[in-house]
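Visitor: Here it is, the structure in full.
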Amino acid sequence: MQQTAEKASEREDRQVVLSVRDVTVGFGSNIVLDHLNLDIYRGEILGFVGASGTGKSVLMRTVLRLLPRRSGRIEILGTDYDEADEMQRMELDTRLGVLFQHGALFSSLTVKENIQLPMREYLDLPQSLMDELAFLKIEMVGLAPDAADKYPSELSGGMIKRAALARALALDPDLVFLDEPTSGLDPIGAAEFDMLIARLRDTLGLTVYMVTHDLDSLFSVCDRIAVLGQKRVLVEGTLNDMLSFDDPWVQAYFRGKRARSVVTTDEDAAQPAEK
Amino acid sequence: MASEQLPGGDGERLVAHGDWRNHSIAKVLPTLEELKKRSGQGRVEIDVSGVHAIDTAGAWLIRRVITAKQSQGREVALVGATANVDELISVLPEKAPAPTAPSGSRASFFERAFAPPGRIVTELAGDMVAAMHILGSAVRGAQMKFGRGGGVSPASVVNQIDHMGVRAVPIIALMSFLIGAIIAQQGAFQLRYFGAEIFVVDLVGILQLREVGVLLTAIMIAGRSGSAITAEIGSMKMREEIDALTVIGLNPVGVLIFPRLVALTIVLPLLTIIANFAALYGAAVVTYTYSGITFDTFLSRLHEAIDHTSIASGMIKAPFMALAIGIVAAVEGMKVGGSAESLGKHVTASVVKSIFAVIVMDSFFAIFYSAIDF
């Protein structure tokens, strides 16, 4: 009990990067999210899970203002977009990065041009420096330099994910949204991608909002996990909180056959790392 | 933001302070260029303790200074860096990979002058083969397995007839009405000088039924349905739906293109008939208003001026033009590659080529008809 109180006070000190309050989203008579609350703190990687069709993507798209909401308040980096003026909105846009599920690279631009597009729009830098920065990002996400001049249709699935991450990081955002970043990658590639995200978090101080179904990434890189169900956040916390939470779906998810091998080995390893 | 001080001993000390993030670094670029070029002796200290915010772009600029100074053979030390800044700078590579040189030397004048026409000719040959392939596959039908439904799926054809034909009726009728009215009006004014105003009926009747009716309808359909076919097939190609059909064991040409070709060949003659009626009606209205030719007179004159051959010579062209439009659209759709740009390019090419094909075809029919005295 005391431990949880300590944890709570520790959290108070940390800066809330994204705060979602009482958000309701629906289409027609179908309510998808009902008075949902969620907080993300600076420098953490939040893994977001939920059964298919529970509205994980809807929540992400609502936060990114791609979908309208019926009620509620969303503050990103301390700014409420609805109340912000033009300049604040523009600044906010430069501080968010999004990796869409299928990459969403612009098919008529090369990888380099894709990465430079946000730079061109928002920054006033000479072309040579933008080229260097684009190459830096490409190297950072683990792509070969010769991928820079390729078009998205010439890339493999994993390369598209990496290139899309490079574009999401083009402006060095504070908050990055990743929609199923490791889906469709082989386990080794997925593990590398997880490590990449953890490393970028450590060096760049990113905050990561990750929608994922990959149990390995949930266990290896996520600091906190939130479960979406019954139109709201069912439970949020560390892996241990998940394991002790009494809900059939959560139990099946984290204690199922697929999870067992990862959890049991990981629990022992994760124990000493816990502060 | 980057100032420079020389301490007492040997070497120099560069002090960076303030905000080193991508939206503010543009201001220090000239200073940094100058600093990098300046040569000197002894060790270099870069003091970043005053930097309160930094990102990869800022770190990269500092990294560049370090690399430049090191290449002058001087010892460089980073002082005052927090663990974060230190780590950020150290993970950056020393150099950006050299930008890939534009491949190859410039081609010779001869090559540059003759390569494009050559490419066009080979592409044309490829297009012809592709068109024959589509025509041939279409004739064989959907090729369902187990010999089931070897022909066309009627539902699909009816659906296409609805899209390409029924919904095109209003625009085709309106356009033809106006064209008929314009031809009649211009003809009436010119023929009035000769006192031969009544012959405007001959003019409109023959021109519309033999040439203009089918030609304009075909052009309209090429723009309306040809582009739609290319866009549909092209986007299916982009999303690997065509490949999925092949793997399931269906012939994409038979499943997708054949119903559209059948629908087009049914629809274009029917639309031509509607267009002809609308144009003649427009002409009758105009001749009545401008020249006082009554509908009765119009009809009896029309009856004398045209015969079956006038109607048939126009109508025969319609199915051929429909086939040309459908095949060009399908060939272009199949050529769509992976990008949205290529989709746009091929839809444009589809419309331009099918209109061109329709007009060329019409001129060949004109030569043919006059040769056989039809």
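Every chain in the structure tokens takes a letter, A first, then B, and so on in the order presented; its residues are numbered from 1, and the ligands are numbered from 1 following the presented order.
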Excluding segment 224-238 of chain A and any residue of its chain fewer than 4 positions from it, enumerate the residues within 9 Å of it, using only C-alpha atoms, and give them as a list in words.
Guide: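 Everything that qualifies: Thr24, Ile31, Val32, Leu33, Asp34, His35, Leu36, Asn37, Leu38, Glu44, Ile45, Leu46, Gly47, Phe48, Val49, Gly50, Ala51, Thr54, Gly55, Lys56, Leu218, Met242, Leu243, Phe245, Asp247, Trp249 and Val250 of chain A.
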Visitor: Keeping C-alpha atoms for every residue in the selection just given, could you write it to a file as a tab-separated table (two decimals), in the first residue's frame?
Guide:
```tsv
chain	number	residue	atom	x	y	z
A	24	THR	CA	-16.26	10.22	-25.79
A	31	ILE	CA	-20.27	4.72	-28.87
A	32	VAL	CA	-16.68	3.52	-29.24
A	33	LEU	CA	-15.01	5.34	-26.37
A	34	ASP	CA	-16.99	6.38	-23.33
A	35	HIS	CA	-15.52	9.00	-20.97
A	36	LEU	CA	-12.03	7.68	-21.36
A	37	ASN	CA	-9.10	8.96	-19.27
A	38	LEU	CA	-5.42	8.45	-19.98
A	44	GLU	CA	8.09	6.70	-20.93
A	45	ILE	CA	7.07	4.09	-23.44
A	46	LEU	CA	3.40	3.29	-23.05
A	47	GLY	CA	2.19	0.09	-24.63
A	48	PHE	CA	-1.45	0.14	-25.57
A	49	VAL	CA	-3.33	-3.13	-26.01
A	50	GLY	CA	-6.90	-4.21	-26.45
A	51	ALA	CA	-8.93	-6.71	-28.41
A	54	THR	CA	-12.13	-1.94	-29.10
A	55	GLY	CA	-11.02	1.40	-30.48
A	56	LYS	CA	-7.25	1.55	-30.05
A	218	LEU	CA	5.21	-5.15	-24.35
A	242	MET	CA	-1.52	-6.58	-15.50
A	243	LEU	CA	-0.79	-10.06	-14.20
A	245	PHE	CA	-5.60	-7.63	-12.53
A	247	ASP	CA	-10.41	-9.47	-15.76
A	249	TRP	CA	-9.62	-10.77	-21.13
A	250	VAL	CA	-6.55	-9.31	-19.42
```
Visitor: Residues of chain B within 6 Å of chain A, counting only C-alpha atoms, what are they? List them as a VMD selection string.
Guide: chain B and resid 23 26 88 96 338 to 339 341
Visitor: Have a look at A:Val23, A:Val211, A:Leu66, A:Leu206 and name the one nearest to Ser52 of chain A; count only C-alpha atoms.
Guide: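 The answer is A:Val211, which sits nearest to Ser52 of chain A.
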Visitor: Quick check for you: according to DSSP on this backbone, which residues of segment 99-273 of chain B are classed as helix (DSSP H, G or I)? Reply as number ranges by chain.
Guide: B: 109-140, 145-147, 154-164, 166-192, 197-238, 241-248, 252-273
Visitor: Just checking: using only C-alpha atoms, which residue out of B:Leu343, B:Leu264, B:Ile273, B:Leu78 ends up closest to Met321 of chain B?
Guide: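 Looking at the shortest contact to Met321 of chain B, the residue is B:Leu264.
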Visitor: Using only C-alpha atoms, which protein or nucleic acid residues come within 12 Å of Leu215 of chain A? Drop anything in the same chain fewer than 4 positions from it, and give the result as a ChimeraX atom specification.
Guide: /A:47-50,180,182-183,187,190-191,194,211,219-222,225,239,253-263,266
Visitor: What's around Leu299 of chain B at 10 Å? Count only C-alpha atoms, leave out sequence neighbours fewer than 6 positions away in its own chain, and write the answer as a list of chain:residue names.
Guide: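 What passes the distance filter is B:Val201, B:Leu280, B:Ala284, B:Ile293, B:Ala305.
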Visitor: Keeping only N, CA and C atoms, write the selected residues to a file as a PDB file, in the first residue's frame.
Guide:
```
ATOM      1  N   VAL B 201     -31.621  20.790 -92.635  1.00  0.00           N
ATOM      2  CA  VAL B 201     -32.084  19.499 -92.118  1.00  0.00           C
ATOM      3  C   VAL B 201     -31.184  18.376 -92.656  1.00  0.00           C
ATOM      4  N   LEU B 280     -31.067  15.592 -82.969  1.00  0.00           N
ATOM      5  CA  LEU B 280     -32.073  15.936 -83.972  1.00  0.00           C
ATOM      6  C   LEU B 280     -33.173  16.787 -83.345  1.00  0.00           C
ATOM      7  N   ALA B 284     -34.231  20.467 -84.473  1.00  0.00           N
ATOM      8  CA  ALA B 284     -35.610  20.807 -84.824  1.00  0.00           C
ATOM      9  C   ALA B 284     -36.070  22.039 -84.065  1.00  0.00           C
ATOM     10  N   ILE B 293     -38.972  26.654 -89.645  1.00  0.00           N
ATOM     11  CA  ILE B 293     -39.266  25.344 -90.233  1.00  0.00           C
ATOM     12  C   ILE B 293     -40.057  24.543 -89.214  1.00  0.00           C
ATOM     13  N   ALA B 305     -33.830  13.067 -96.668  1.00  0.00           N
ATOM     14  CA  ALA B 305     -32.379  13.287 -96.678  1.00  0.00           C
ATOM     15  C   ALA B 305     -31.600  12.047 -96.260  1.00  0.00           C
TER      16      ALA B 305
END
```
Visitor: How many Å separate atom CA of Asp296 of chain B from atom CA of Ala283 of chain B?
Guide: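 Going from atom CA of Asp296 of chain B over to atom CA of Ala283 of chain B covers 13.3 Å.
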Visitor: At what distance in Å, to one decimal, does atom CA of Ala168 of chain A lie from atom CA of Lys150 of chain A?
Guide: 17.7 Å
Visitor: What gap, in Å, lies between atom CA of Ser137 of chain B and atom CA of Gly249 of chain B?
Guide: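 These two atoms are separated by 14.1 Å.
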Visitor: Which residue, B:Trp20, B:Phe374, B:Phe364, B:Phe109, has the smallest gap to Thr309 of chain B when you use only C-alpha atoms?
Guide: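 Ranking B:Trp20, B:Phe374, B:Phe364, B:Phe109 by distance to Thr309 of chain B, first place goes to B:Phe374.
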